[in-house]
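Structure file work_4.cif with mmCIF, C-alpha atoms, pLDDT in the B column; chains and numbers go by the auth columns:
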```cif
data_model
loop_
_atom_site.group_PDB
_atom_site.id
_atom_site.type_symbol
_atom_site.label_atom_id
_atom_site.label_comp_id
_atom_site.label_asym_id
_atom_site.label_seq_id
_atom_site.Cartn_x
_atom_site.Cartn_y
_atom_site.Cartn_z
_atom_site.B_iso_or_equiv
_atom_site.auth_seq_id
_atom_site.auth_asym_id
ATOM 1 C CA MET A 1 -24.893 1.239 4.313 49.00 1176 A
ATOM 2 C CA ASP A 2 -28.554 2.073 3.669 65.00 1177 A
ATOM 3 C CA ILE A 3 -31.455 0.729 5.708 69.00 1178 A
ATOM 4 C CA GLU A 4 -32.589 -1.720 2.977 72.00 1179 A
ATOM 5 C CA GLN A 5 -29.191 -3.412 2.835 76.00 1180 A
ATOM 6 C CA LYS A 6 -29.038 -3.633 6.632 79.00 1181 A
ATOM 7 C CA GLN A 7 -32.506 -5.176 6.651 85.00 1182 A
ATOM 8 C CA ALA A 8 -31.493 -7.831 4.134 88.00 1183 A
ATOM 9 C CA GLU A 9 -28.448 -8.836 6.141 91.00 1184 A
ATOM 10 C CA HIS A 10 -30.336 -9.056 9.441 93.00 1185 A
ATOM 11 C CA ILE A 11 -33.222 -10.976 7.877 95.00 1186 A
ATOM 12 C CA ASP A 12 -30.806 -13.472 6.315 95.00 1187 A
ATOM 13 C CA TYR A 13 -29.127 -13.993 9.691 95.00 1188 A
ATOM 14 C CA PHE A 14 -32.341 -14.681 11.588 97.00 1189 A
ATOM 15 C CA VAL A 15 -33.782 -16.882 8.822 97.00 1190 A
ATOM 16 C CA LYS A 16 -30.694 -19.079 9.053 96.00 1191 A
ATOM 17 C CA GLN A 17 -30.935 -19.165 12.856 96.00 1192 A
ATOM 18 C CA ALA A 18 -34.598 -20.140 12.748 96.00 1193 A
ATOM 19 C CA SER A 19 -33.972 -22.788 10.096 96.00 1194 A
ATOM 20 C CA ASN A 20 -31.455 -24.576 12.324 96.00 1195 A
ATOM 21 C CA LEU A 21 -33.519 -24.633 15.518 95.00 1196 A
ATOM 22 C CA LYS A 22 -36.819 -26.123 16.646 94.00 1197 A
ATOM 23 C CA GLY A 23 -39.391 -25.851 19.402 94.00 1198 A
ATOM 24 C CA SER A 24 -38.532 -23.875 22.526 94.00 1199 A
ATOM 25 C CA ALA A 25 -35.105 -23.038 21.117 95.00 1200 A
ATOM 26 C CA LEU A 26 -36.871 -20.627 18.720 97.00 1201 A
ATOM 27 C CA ARG A 27 -38.088 -18.452 21.603 96.00 1202 A
ATOM 28 C CA ASN A 28 -34.780 -16.656 21.915 96.00 1203 A
ATOM 29 C CA VAL A 29 -34.546 -16.197 18.140 97.00 1204 A
ATOM 30 C CA ILE A 30 -37.967 -14.519 18.066 97.00 1205 A
ATOM 31 C CA VAL A 31 -37.211 -12.299 21.066 97.00 1206 A
ATOM 32 C CA GLU A 32 -33.826 -11.337 19.635 97.00 1207 A
ATOM 33 C CA ALA A 33 -35.286 -10.559 16.189 97.00 1208 A
ATOM 34 C CA THR A 34 -38.140 -8.466 17.561 97.00 1209 A
ATOM 35 C CA SER A 35 -35.715 -6.593 19.818 97.00 1210 A
ATOM 36 C CA HIS A 36 -33.097 -5.858 17.155 96.00 1211 A
ATOM 37 C CA PRO A 37 -32.677 -2.083 16.721 93.00 1212 A
ATOM 38 C CA SER A 38 -32.225 -2.258 12.933 92.00 1213 A
ATOM 39 C CA LEU A 39 -34.783 -4.880 11.932 95.00 1214 A
ATOM 40 C CA PHE A 40 -38.279 -3.762 10.880 95.00 1215 A
ATOM 41 C CA ALA A 41 -39.445 -6.593 8.572 94.00 1216 A
ATOM 42 C CA PHE A 42 -40.395 -10.058 9.802 96.00 1217 A
ATOM 43 C CA ALA A 43 -42.374 -11.765 7.020 94.00 1218 A
ATOM 44 C CA GLU A 44 -39.452 -13.898 5.827 95.00 1219 A
ATOM 45 C CA ILE A 45 -38.680 -15.055 9.367 97.00 1220 A
ATOM 46 C CA LEU A 46 -42.368 -15.756 9.884 95.00 1221 A
ATOM 47 C CA SER A 47 -42.426 -17.966 6.788 95.00 1222 A
ATOM 48 C CA VAL A 48 -39.628 -20.276 7.962 97.00 1223 A
ATOM 49 C CA PRO A 49 -41.160 -23.784 8.300 97.00 1224 A
ATOM 50 C CA ASN A 50 -39.656 -24.325 11.764 97.00 1225 A
ATOM 51 C CA ILE A 51 -41.321 -21.129 12.969 97.00 1226 A
ATOM 52 C CA LEU A 52 -44.704 -22.113 11.517 97.00 1227 A
ATOM 53 C CA GLU A 53 -44.460 -25.487 13.251 96.00 1228 A
ATOM 54 C CA LEU A 54 -44.881 -23.680 16.577 97.00 1229 A
ATOM 55 C CA GLN A 55 -48.594 -23.410 15.804 96.00 1230 A
ATOM 56 C CA GLY A 56 -50.595 -25.623 18.152 95.00 1231 A
ATOM 57 C CA THR A 57 -47.685 -26.178 20.546 95.00 1232 A
ATOM 58 C CA GLU A 58 -46.902 -24.701 23.952 95.00 1233 A
ATOM 59 C CA ASN A 59 -44.695 -22.186 22.159 96.00 1234 A
ATOM 60 C CA ALA A 60 -47.456 -20.949 19.849 97.00 1235 A
ATOM 61 C CA VAL A 61 -47.647 -17.669 21.786 97.00 1236 A
ATOM 62 C CA PHE A 62 -44.220 -16.760 20.399 97.00 1237 A
ATOM 63 C CA LEU A 63 -45.484 -17.349 16.879 97.00 1238 A
ATOM 64 C CA ASP A 64 -48.421 -15.042 17.640 97.00 1239 A
ATOM 65 C CA LEU A 65 -46.009 -12.472 19.058 97.00 1240 A
ATOM 66 C CA LEU A 66 -43.941 -12.567 15.874 97.00 1241 A
ATOM 67 C CA ARG A 67 -47.121 -12.010 13.846 96.00 1242 A
ATOM 68 C CA VAL A 68 -47.876 -8.893 15.883 97.00 1243 A
ATOM 69 C CA PHE A 69 -44.439 -7.505 15.035 97.00 1244 A
ATOM 70 C CA ALA A 70 -44.884 -8.396 11.382 96.00 1245 A
ATOM 71 C CA HIS A 71 -48.297 -6.771 10.946 94.00 1246 A
ATOM 72 C CA GLY A 72 -49.582 -5.247 14.179 95.00 1247 A
ATOM 73 C CA THR A 73 -49.298 -2.095 16.267 97.00 1248 A
ATOM 74 C CA TRP A 74 -48.722 -1.171 19.897 97.00 1249 A
ATOM 75 C CA SER A 75 -52.440 -0.741 20.592 96.00 1250 A
ATOM 76 C CA GLU A 76 -53.202 -4.106 18.968 96.00 1251 A
ATOM 77 C CA TYR A 77 -50.604 -5.780 21.171 97.00 1252 A
ATOM 78 C CA LYS A 78 -52.094 -4.197 24.294 96.00 1253 A
ATOM 79 C CA SER A 79 -55.516 -5.563 23.400 96.00 1254 A
ATOM 80 C CA VAL A 80 -54.182 -9.154 23.481 96.00 1255 A
ATOM 81 C CA ALA A 81 -51.223 -8.693 25.839 96.00 1256 A
ATOM 82 C CA SER A 82 -52.665 -11.065 28.415 96.00 1257 A
ATOM 83 C CA ARG A 83 -52.389 -13.931 25.901 96.00 1258 A
ATOM 84 C CA LEU A 84 -48.851 -13.094 24.736 97.00 1259 A
ATOM 85 C CA PRO A 85 -45.400 -13.106 26.323 96.00 1260 A
ATOM 86 C CA PRO A 86 -44.463 -9.836 28.095 96.00 1261 A
ATOM 87 C CA LEU A 87 -42.239 -7.491 26.130 97.00 1262 A
ATOM 88 C CA VAL A 88 -38.764 -6.312 27.068 97.00 1263 A
ATOM 89 C CA PRO A 89 -38.108 -2.526 26.690 97.00 1264 A
ATOM 90 C CA ASP A 90 -36.432 -2.945 23.279 97.00 1265 A
ATOM 91 C CA GLN A 91 -39.502 -4.775 21.994 98.00 1266 A
ATOM 92 C CA VAL A 92 -41.802 -2.036 23.277 98.00 1267 A
ATOM 93 C CA LEU A 93 -39.704 0.565 21.476 98.00 1268 A
ATOM 94 C CA LYS A 94 -39.683 -1.521 18.285 97.00 1269 A
ATOM 95 C CA LEU A 95 -43.452 -2.008 18.270 98.00 1270 A
ATOM 96 C CA LYS A 96 -44.029 1.712 18.763 98.00 1271 A
ATOM 97 C CA GLN A 97 -41.681 2.459 15.854 98.00 1272 A
ATOM 98 C CA LEU A 98 -43.614 -0.004 13.708 98.00 1273 A
ATOM 99 C CA THR A 99 -46.862 1.680 14.780 98.00 1274 A
ATOM 100 C CA VAL A 100 -45.617 4.994 13.339 98.00 1275 A
ATOM 101 C CA LEU A 101 -44.835 3.240 10.050 97.00 1276 A
ATOM 102 C CA THR A 102 -48.339 1.750 9.943 96.00 1277 A
ATOM 103 C CA LEU A 103 -49.959 5.139 10.566 97.00 1278 A
ATOM 104 C CA ALA A 104 -47.777 6.718 7.883 96.00 1279 A
ATOM 105 C CA GLU A 105 -49.005 4.198 5.285 92.00 1280 A
ATOM 106 C CA THR A 106 -52.425 5.845 5.097 91.00 1281 A
ATOM 107 C CA ASN A 107 -51.829 9.412 6.227 94.00 1282 A
ATOM 108 C CA LYS A 108 -48.907 11.721 5.543 95.00 1283 A
ATOM 109 C CA VAL A 109 -50.014 14.214 8.199 97.00 1284 A
ATOM 110 C CA LEU A 110 -50.144 12.549 11.613 98.00 1285 A
ATOM 111 C CA ALA A 111 -51.889 14.525 14.346 97.00 1286 A
ATOM 112 C CA TYR A 112 -50.098 14.675 17.673 98.00 1287 A
ATOM 113 C CA ASP A 113 -53.286 13.656 19.491 97.00 1288 A
ATOM 114 C CA VAL A 114 -53.529 10.454 17.434 97.00 1289 A
ATOM 115 C CA LEU A 115 -49.851 9.643 17.945 98.00 1290 A
ATOM 116 C CA ILE A 116 -50.022 10.285 21.686 97.00 1291 A
ATOM 117 C CA GLN A 117 -52.950 7.889 21.970 96.00 1292 A
ATOM 118 C CA GLU A 118 -51.539 5.178 19.687 97.00 1293 A
ATOM 119 C CA LEU A 119 -48.051 5.277 21.218 97.00 1294 A
ATOM 120 C CA ASN A 120 -49.225 5.693 24.795 95.00 1295 A
ATOM 121 C CA VAL A 121 -46.910 8.632 25.542 96.00 1296 A
ATOM 122 C CA THR A 122 -47.719 11.225 28.176 94.00 1297 A
ATOM 123 C CA ASN A 123 -47.079 14.566 26.469 96.00 1298 A
ATOM 124 C CA VAL A 124 -45.936 16.386 23.331 96.00 1299 A
ATOM 125 C CA ARG A 125 -42.332 16.667 24.500 96.00 1300 A
ATOM 126 C CA GLU A 126 -42.059 12.909 24.960 97.00 1301 A
ATOM 127 C CA LEU A 127 -43.705 12.353 21.572 98.00 1302 A
ATOM 128 C CA GLU A 128 -41.373 14.712 19.714 97.00 1303 A
ATOM 129 C CA ASP A 129 -38.303 13.204 21.402 97.00 1304 A
ATOM 130 C CA PHE A 130 -39.479 9.764 20.286 98.00 1305 A
ATOM 131 C CA LEU A 131 -40.092 10.877 16.696 98.00 1306 A
ATOM 132 C CA ILE A 132 -36.707 12.604 16.474 97.00 1307 A
ATOM 133 C CA ASN A 133 -34.447 10.173 18.335 97.00 1308 A
ATOM 134 C CA ASP A 134 -36.141 6.827 17.720 97.00 1309 A
ATOM 135 C CA CYS A 135 -37.678 7.319 14.266 97.00 1310 A
ATOM 136 C CA MET A 136 -36.057 10.039 12.172 97.00 1311 A
ATOM 137 C CA TYR A 137 -32.528 9.545 13.531 95.00 1312 A
ATOM 138 C CA VAL A 138 -32.824 5.790 12.968 93.00 1313 A
ATOM 139 C CA GLY A 139 -33.841 6.464 9.336 92.00 1314 A
ATOM 140 C CA ILE A 140 -37.216 4.752 9.218 94.00 1315 A
ATOM 141 C CA VAL A 141 -39.072 8.049 8.661 96.00 1316 A
ATOM 142 C CA ARG A 142 -38.313 11.556 7.498 96.00 1317 A
ATOM 143 C CA GLY A 143 -40.561 14.510 8.064 97.00 1318 A
ATOM 144 C CA LYS A 144 -41.279 17.799 9.788 97.00 1319 A
ATOM 145 C CA LEU A 145 -42.578 18.451 13.286 97.00 1320 A
ATOM 146 C CA ASP A 146 -45.173 21.218 13.217 97.00 1321 A
ATOM 147 C CA GLN A 147 -45.727 22.409 16.778 94.00 1322 A
ATOM 148 C CA LEU A 148 -48.148 25.120 15.685 95.00 1323 A
ATOM 149 C CA ARG A 149 -50.481 22.672 13.941 96.00 1324 A
ATOM 150 C CA ARG A 150 -49.609 19.882 16.393 97.00 1325 A
ATOM 151 C CA CYS A 151 -48.786 17.330 13.727 97.00 1326 A
ATOM 152 C CA PHE A 152 -45.972 15.357 12.111 98.00 1327 A
ATOM 153 C CA GLU A 153 -45.724 15.823 8.337 98.00 1328 A
ATOM 154 C CA VAL A 154 -44.348 12.590 6.862 97.00 1329 A
ATOM 155 C CA GLN A 155 -42.055 12.914 3.845 96.00 1330 A
ATOM 156 C CA PHE A 156 -40.806 9.314 3.821 95.00 1331 A
ATOM 157 C CA ALA A 157 -41.622 6.154 5.759 95.00 1332 A
ATOM 158 C CA ALA A 158 -40.134 2.681 5.416 92.00 1333 A
ATOM 159 C CA GLY A 159 -42.608 0.039 4.318 89.00 1334 A
ATOM 160 C CA ARG A 160 -43.888 -2.740 6.546 91.00 1335 A
ATOM 161 C CA ASP A 161 -44.695 -6.357 5.783 88.00 1336 A
ATOM 162 C CA PRO A 162 -48.061 -6.670 3.988 84.00 1337 A
ATOM 163 C CA ARG A 163 -50.893 -7.925 6.191 77.00 1338 A
ATOM 164 C CA PRO A 164 -52.602 -11.208 5.237 72.00 1339 A
ATOM 165 C CA GLY A 165 -55.028 -10.465 2.412 67.00 1340 A
ATOM 166 C CA GLN A 166 -53.398 -7.107 1.692 58.00 1341 A
ATOM 167 C CA LEU A 167 -51.268 -8.465 -1.141 57.00 1342 A
ATOM 168 C CA GLY A 168 -54.291 -8.819 -3.449 61.00 1343 A
ATOM 169 C CA SER A 169 -55.226 -5.161 -3.081 59.00 1344 A
ATOM 170 C CA MET A 170 -51.590 -4.155 -3.599 51.00 1345 A
ATOM 171 C CA ILE A 171 -51.460 -6.163 -6.829 64.00 1346 A
ATOM 172 C CA GLN A 172 -54.700 -4.521 -7.988 58.00 1347 A
ATOM 173 C CA THR A 173 -53.309 -1.074 -7.165 62.00 1348 A
ATOM 174 C CA ILE A 174 -50.164 -1.812 -9.166 74.00 1349 A
ATOM 175 C CA ALA A 175 -52.249 -3.161 -12.057 69.00 1350 A
ATOM 176 C CA ASN A 176 -54.342 0.021 -12.061 73.00 1351 A
ATOM 177 C CA TRP A 177 -51.175 2.102 -12.025 72.00 1352 A
ATOM 178 C CA LEU A 178 -49.756 0.130 -14.969 76.00 1353 A
ATOM 179 C CA SER A 179 -52.988 0.616 -16.910 75.00 1354 A
ATOM 180 C CA THR A 180 -52.928 4.342 -16.235 80.00 1355 A
ATOM 181 C CA SER A 181 -49.272 4.468 -17.236 81.00 1356 A
ATOM 182 C CA ASP A 182 -50.025 2.668 -20.510 77.00 1357 A
ATOM 183 C CA ASN A 183 -52.806 5.138 -21.328 80.00 1358 A
ATOM 184 C CA LEU A 184 -50.524 8.031 -20.484 80.00 1359 A
ATOM 185 C CA LEU A 185 -47.786 6.591 -22.684 82.00 1360 A
ATOM 186 C CA VAL A 186 -50.208 6.275 -25.621 81.00 1361 A
ATOM 187 C CA SER A 187 -51.292 9.878 -25.111 80.00 1362 A
ATOM 188 C CA ILE A 188 -47.667 11.057 -25.017 89.00 1363 A
ATOM 189 C CA GLN A 189 -46.841 9.110 -28.168 82.00 1364 A
ATOM 190 C CA GLU A 190 -49.823 10.662 -29.950 79.00 1365 A
ATOM 191 C CA LYS A 191 -48.702 14.124 -28.910 83.00 1366 A
ATOM 192 C CA ILE A 192 -45.166 13.389 -30.128 88.00 1367 A
ATOM 193 C CA LYS A 193 -46.570 12.190 -33.461 79.00 1368 A
ATOM 194 C CA TRP A 194 -48.707 15.328 -33.727 81.00 1369 A
ATOM 195 C CA ALA A 195 -45.687 17.495 -32.928 83.00 1370 A
ATOM 196 C CA ASP A 196 -43.620 15.665 -35.565 81.00 1371 A
ATOM 197 C CA ASN A 197 -46.370 16.215 -38.160 81.00 1372 A
ATOM 198 C CA MET A 198 -46.598 19.889 -37.267 81.00 1373 A
ATOM 199 C CA SER A 199 -42.842 20.148 -37.557 81.00 1374 A
ATOM 200 C CA GLU A 200 -42.895 18.588 -41.025 82.00 1375 A
ATOM 201 C CA MET A 201 -45.711 20.899 -42.104 82.00 1376 A
ATOM 202 C CA ASP A 202 -43.781 23.864 -40.752 82.00 1377 A
ATOM 203 C CA LYS A 203 -40.672 22.790 -42.672 83.00 1378 A
ATOM 204 C CA LYS A 204 -42.711 22.351 -45.856 81.00 1379 A
ATOM 205 C CA HIS A 205 -44.358 25.739 -45.430 84.00 1380 A
ATOM 206 C CA ARG A 206 -40.988 27.379 -44.743 84.00 1381 A
ATOM 207 C CA LYS A 207 -39.556 25.805 -47.905 83.00 1382 A
ATOM 208 C CA GLU A 208 -42.513 27.028 -49.972 84.00 1383 A
ATOM 209 C CA VAL A 209 -42.105 30.555 -48.604 86.00 1384 A
ATOM 210 C CA GLU A 210 -38.380 30.527 -49.317 85.00 1385 A
ATOM 211 C CA GLU A 211 -39.017 29.316 -52.882 83.00 1386 A
ATOM 212 C CA ARG A 212 -41.640 32.023 -53.373 84.00 1387 A
ATOM 213 C CA VAL A 213 -39.223 34.662 -52.090 84.00 1388 A
ATOM 214 C CA GLU A 214 -36.606 33.445 -54.538 83.00 1389 A
ATOM 215 C CA GLU A 215 -39.095 33.681 -57.395 82.00 1390 A
ATOM 216 C CA VAL A 216 -40.008 37.238 -56.412 81.00 1391 A
ATOM 217 C CA LYS A 217 -36.321 38.173 -56.203 79.00 1392 A
ATOM 218 C CA LYS A 218 -35.695 36.798 -59.686 78.00 1393 A
ATOM 219 C CA THR A 219 -38.702 38.657 -61.077 80.00 1394 A
ATOM 220 C CA LEU A 220 -37.628 41.964 -59.524 77.00 1395 A
ATOM 221 C CA SER A 221 -34.075 41.493 -60.700 76.00 1396 A
ATOM 222 C CA PHE A 222 -35.245 40.889 -64.263 72.00 1397 A
ATOM 223 C CA LYS A 223 -37.478 43.986 -64.218 70.00 1398 A
ATOM 224 C CA LEU A 224 -34.663 46.139 -62.889 72.00 1399 A
ATOM 225 C CA GLN A 225 -32.357 44.960 -65.641 71.00 1400 A
ATOM 226 C CA THR A 226 -35.040 45.721 -68.252 71.00 1401 A
ATOM 227 C CA VAL A 227 -35.617 49.270 -67.009 62.00 1402 A
ATOM 228 C CA SER A 228 -31.917 50.154 -66.827 62.00 1403 A
ATOM 229 C CA ARG A 229 -31.089 48.834 -70.356 60.00 1404 A
ATOM 230 C CA PRO A 230 -31.115 51.690 -73.112 57.00 1405 A
ATOM 231 C CA THR A 231 -33.829 51.328 -75.768 54.00 1406 A
ATOM 232 C CA PRO A 232 -33.146 51.951 -79.549 55.00 1407 A
ATOM 233 C CA SER A 233 -35.342 55.078 -79.701 54.00 1408 A
ATOM 234 C CA SER A 234 -33.597 56.694 -76.778 52.00 1409 A
ATOM 235 C CA GLU A 235 -30.215 56.034 -78.353 53.00 1410 A
ATOM 236 C CA GLY A 236 -31.314 57.741 -81.657 56.00 1411 A
ATOM 237 C CA THR A 237 -32.580 60.781 -79.809 52.00 1412 A
ATOM 238 C CA ARG A 238 -29.252 61.098 -78.047 51.00 1413 A
ATOM 239 C CA ARG A 239 -27.383 61.042 -81.377 55.00 1414 A
ATOM 240 C CA SER A 240 -29.669 63.688 -82.957 55.00 1415 A
ATOM 241 C CA PHE A 241 -29.089 65.958 -80.038 47.00 1416 A
ATOM 242 C CA LEU A 242 -25.339 65.595 -80.414 48.00 1417 A
ATOM 243 C CA ASN A 243 -25.562 66.470 -84.178 54.00 1418 A
ATOM 244 C CA ILE A 244 -27.514 69.658 -83.465 50.00 1419 A
ATOM 245 C CA ALA A 245 -25.020 70.646 -80.847 48.00 1420 A
ATOM 246 C CA GLU A 246 -22.185 70.335 -83.318 51.00 1421 A
#
```
So, in terms of structure tokens, how does the structure I just supplied come out?
Amino acid sequence: MDIEQKQAEHIDYFVKQASNLKGSALRNVIVEATSHPSLFAFAEILSVPNILELQGTENAVFLDLLRVFAHGTWSEYKSVASRLPPLVPDQVLKLKQLTVLTLAETNKVLAYDVLIQELNVTNVRELEDFLINDCMYVGIVRGKLDQLRRCFEVQFAAGRDPRPGQLGSMIQTIANWLSTSDNLLVSIQEKIKWADNMSEMDKKHRKEVEERVEEVKKTLSFKLQTVSRPTPSSEGTRRSFLNIAE
């Protein structure tokens, strides 16, 4: 089962859980969702009406925590940690995994120094173990560790939930891509049309050459037949010669 299908199943489960509970009962749902080892998308859970109703209540900090997991990073959590519930180890791991995905959105070559700072790890060995065991093995990223250049070359990274306001820029990017694709398609069609025209011209030229060759062959054949046919004067000379010989 691929990661996308797993995500869909886990999201559906937690959305149903959140839809059937209210108030403080949602705390455990949020902690469980943000601790789940195979869940990396939280926007649909965040949009459940019962979850949004936590705003302005004593449980609002859990709504804020869920927003951090949907859009934030480990360093962003640390900057507001005093106002949020403390994290269990599985949540810390999850938020660091999500941080790698965020960094990979904008840069496909991640310097070790940046990763060490953003993930709050102590050394390169700890960083590489994390990238191998907790990111690549899990399937959320694929890439190459370059110890010589001290960087992680990202080949694939799972997408995260769009940040608020990011959807507009994504739509514009897609629109620009579609426009470019349309222009490219028109250019390709024009080149195909040009190639078809050239092909027709080539066929027409080939036919004209073949017809010309046939005409030349007929002309040569006629001339050869004319040269090889005996003329009346030559036939009379032959007869006179035979009479003298007799």
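Distances to A:Val1243 were evaluated for A:Ala1216, A:Leu1360, A:Leu1285, A:Leu1229 using all atoms listed in the file, and the minimum falls at A:Ala1216.
The two atoms in question, atom CA of A:Leu1320 and atom CA of A:Val1263, are spaced 28.6 Å apart.
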Could you write out as a PDB file with C-alpha atoms, keeping the file's coordinate frame the residues that the PyMOL selection byres ((chain A and resi 1219) around 10) matches in the shown file?
```
ATOM      1  CA  ILE A1186     -33.222 -10.976   7.877  1.00 95.00           C
ATOM      2  CA  ASP A1187     -30.806 -13.472   6.315  1.00 95.00           C
ATOM      3  CA  PHE A1189     -32.341 -14.681  11.588  1.00 97.00           C
ATOM      4  CA  VAL A1190     -33.782 -16.882   8.822  1.00 97.00           C
ATOM      5  CA  ALA A1216     -39.445  -6.593   8.572  1.00 94.00           C
ATOM      6  CA  PHE A1217     -40.395 -10.058   9.802  1.00 96.00           C
ATOM      7  CA  ALA A1218     -42.374 -11.765   7.020  1.00 94.00           C
ATOM      8  CA  ILE A1220     -38.680 -15.055   9.367  1.00 97.00           C
ATOM      9  CA  LEU A1221     -42.368 -15.756   9.884  1.00 95.00           C
ATOM     10  CA  SER A1222     -42.426 -17.966   6.788  1.00 95.00           C
ATOM     11  CA  VAL A1223     -39.628 -20.276   7.962  1.00 97.00           C
ATOM     12  CA  ALA A1245     -44.884  -8.396  11.382  1.00 96.00           C
ATOM     13  CA  ASP A1336     -44.695  -6.357   5.783  1.00 88.00           C
TER      14      ASP A1336
END
```
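Residues selected in this file by the PyMOL selection byres ((chain A and resi 1299) around 10) comprise A:Tyr1287, A:Asp1288, A:Leu1290, A:Ile1291, A:Val1296, A:Thr1297, A:Asn1298, A:Arg1300, A:Glu1301, A:Leu1302, A:Glu1303, A:Asp1304, A:Phe1305, A:Gln1322, A:Arg1325.
Among the candidates A:Leu1238, A:Leu1270, A:Leu1201, A:Met1373, the residue lying nearest to A:Arg1258 is A:Leu1238 (atoms considered: all atoms listed in the file).
Minimum atom-to-atom distances from A:Lys1283, A:Val1204, A:Gln1180, A:Leu1273 to A:Asp1309 were compared using all atoms listed in the file, and the lowest value belongs to A:Leu1273.
The residues caught by the PyMOL selection byres ((chain A and resi 1235) around 12) in this file are Gly1198, Ser1199, Leu1201, Arg1202, Ile1205, Asn1225, Ile1226, Leu1227, Glu1228, Leu1229, Gln1230, Gly1231, Thr1232, Glu1233, Asn1234, Val1236, Phe1237, Leu1238, Asp1239, Leu1240, Leu1241, Arg1242, Arg1258, Leu1259 and Pro1260 of chain A.
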Using C-alpha atoms, can you export the residues from the last selection as a PDB file, in the coordinates of the input?
```pdb
ATOM      1  CA  GLY A1198     -39.391 -25.851  19.402  1.00 94.00           C
ATOM      2  CA  SER A1199     -38.532 -23.875  22.526  1.00 94.00           C
ATOM      3  CA  LEU A1201     -36.871 -20.627  18.720  1.00 97.00           C
ATOM      4  CA  ARG A1202     -38.088 -18.452  21.603  1.00 96.00           C
ATOM      5  CA  ILE A1205     -37.967 -14.519  18.066  1.00 97.00           C
ATOM      6  CA  ASN A1225     -39.656 -24.325  11.764  1.00 97.00           C
ATOM      7  CA  ILE A1226     -41.321 -21.129  12.969  1.00 97.00           C
ATOM      8  CA  LEU A1227     -44.704 -22.113  11.517  1.00 97.00           C
ATOM      9  CA  GLU A1228     -44.460 -25.487  13.251  1.00 96.00           C
ATOM     10  CA  LEU A1229     -44.881 -23.680  16.577  1.00 97.00           C
ATOM     11  CA  GLN A1230     -48.594 -23.410  15.804  1.00 96.00           C
ATOM     12  CA  GLY A1231     -50.595 -25.623  18.152  1.00 95.00           C
ATOM     13  CA  THR A1232     -47.685 -26.178  20.546  1.00 95.00           C
ATOM     14  CA  GLU A1233     -46.902 -24.701  23.952  1.00 95.00           C
ATOM     15  CA  ASN A1234     -44.695 -22.186  22.159  1.00 96.00           C
ATOM     16  CA  VAL A1236     -47.647 -17.669  21.786  1.00 97.00           C
ATOM     17  CA  PHE A1237     -44.220 -16.760  20.399  1.00 97.00           C
ATOM     18  CA  LEU A1238     -45.484 -17.349  16.879  1.00 97.00           C
ATOM     19  CA  ASP A1239     -48.421 -15.042  17.640  1.00 97.00           C
ATOM     20  CA  LEU A1240     -46.009 -12.472  19.058  1.00 97.00           C
ATOM     21  CA  LEU A1241     -43.941 -12.567  15.874  1.00 97.00           C
ATOM     22  CA  ARG A1242     -47.121 -12.010  13.846  1.00 96.00           C
ATOM     23  CA  ARG A1258     -52.389 -13.931  25.901  1.00 96.00           C
ATOM     24  CA  LEU A1259     -48.851 -13.094  24.736  1.00 97.00           C
ATOM     25  CA  PRO A1260     -45.400 -13.106  26.323  1.00 96.00           C
TER      26      PRO A1260
END
```
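The nearest approach to A:His1211 among the residues A:Leu1278, A:Leu1268, A:Ala1286, A:Leu1306, with only C-alpha atoms taken into account, belongs to A:Leu1268.
Atom CA of A:Ile1349 to atom CA of A:Pro1337 spans 14.2 Å [interatomic distance, one decimal].
Take the candidates A:Asn1282, A:Asn1203, A:Ser1396, A:Thr1274 and check each one against A:Glu1328 using all atoms listed in the file; the shortest distance goes to A:Asn1282.
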- Item | atom CA of A:Pro1339 to atom CA of A:Val1275, straight-line distance in Å | 19.4 Å
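Nearest-residue note for A:Glu1280: choosing from A:Lys1197, A:Lys1366, A:Lys1382, A:Arg1335, the minimum distance belongs to A:Arg1335, counting all atoms listed in the file.
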Some atoms are missing, so please complete stretch 1331-1336 of chain A with N, CA, C and O atoms and return it as a PDB file, in the frame of the given file.
```pdb
ATOM      1  N   PHE A1331     -41.217  10.678   4.203  1.00 95.00           N
ATOM      2  CA  PHE A1331     -40.806   9.314   3.821  1.00 95.00           C
ATOM      3  C   PHE A1331     -41.046   8.396   5.002  1.00 95.00           C
ATOM      4  O   PHE A1331     -40.854   8.785   6.164  1.00 95.00           O
ATOM      5  N   ALA A1332     -41.475   7.169   4.722  1.00 95.00           N
ATOM      6  CA  ALA A1332     -41.622   6.154   5.759  1.00 95.00           C
ATOM      7  C   ALA A1332     -41.277   4.795   5.162  1.00 95.00           C
ATOM      8  O   ALA A1332     -41.717   4.468   4.056  1.00 95.00           O
ATOM      9  N   ALA A1333     -40.474   4.024   5.876  1.00 92.00           N
ATOM     10  CA  ALA A1333     -40.134   2.681   5.416  1.00 92.00           C
ATOM     11  C   ALA A1333     -41.393   1.820   5.385  1.00 92.00           C
ATOM     12  O   ALA A1333     -42.304   2.003   6.193  1.00 92.00           O
ATOM     13  N   GLY A1334     -41.437   0.899   4.448  1.00 89.00           N
ATOM     14  CA  GLY A1334     -42.608   0.039   4.318  1.00 89.00           C
ATOM     15  C   GLY A1334     -42.584  -1.113   5.315  1.00 89.00           C
ATOM     16  O   GLY A1334     -41.516  -1.571   5.728  1.00 89.00           O
ATOM     17  N   ARG A1335     -43.764  -1.591   5.669  1.00 91.00           N
ATOM     18  CA  ARG A1335     -43.888  -2.740   6.546  1.00 91.00           C
ATOM     19  C   ARG A1335     -44.279  -3.977   5.751  1.00 91.00           C
ATOM     20  O   ARG A1335     -44.615  -3.892   4.568  1.00 91.00           O
ATOM     21  N   ASP A1336     -44.241  -5.115   6.420  1.00 88.00           N
ATOM     22  CA  ASP A1336     -44.695  -6.357   5.783  1.00 88.00           C
ATOM     23  C   ASP A1336     -46.189  -6.249   5.481  1.00 88.00           C
ATOM     24  O   ASP A1336     -46.958  -5.757   6.317  1.00 88.00           O
TER      25      ASP A1336
END
```
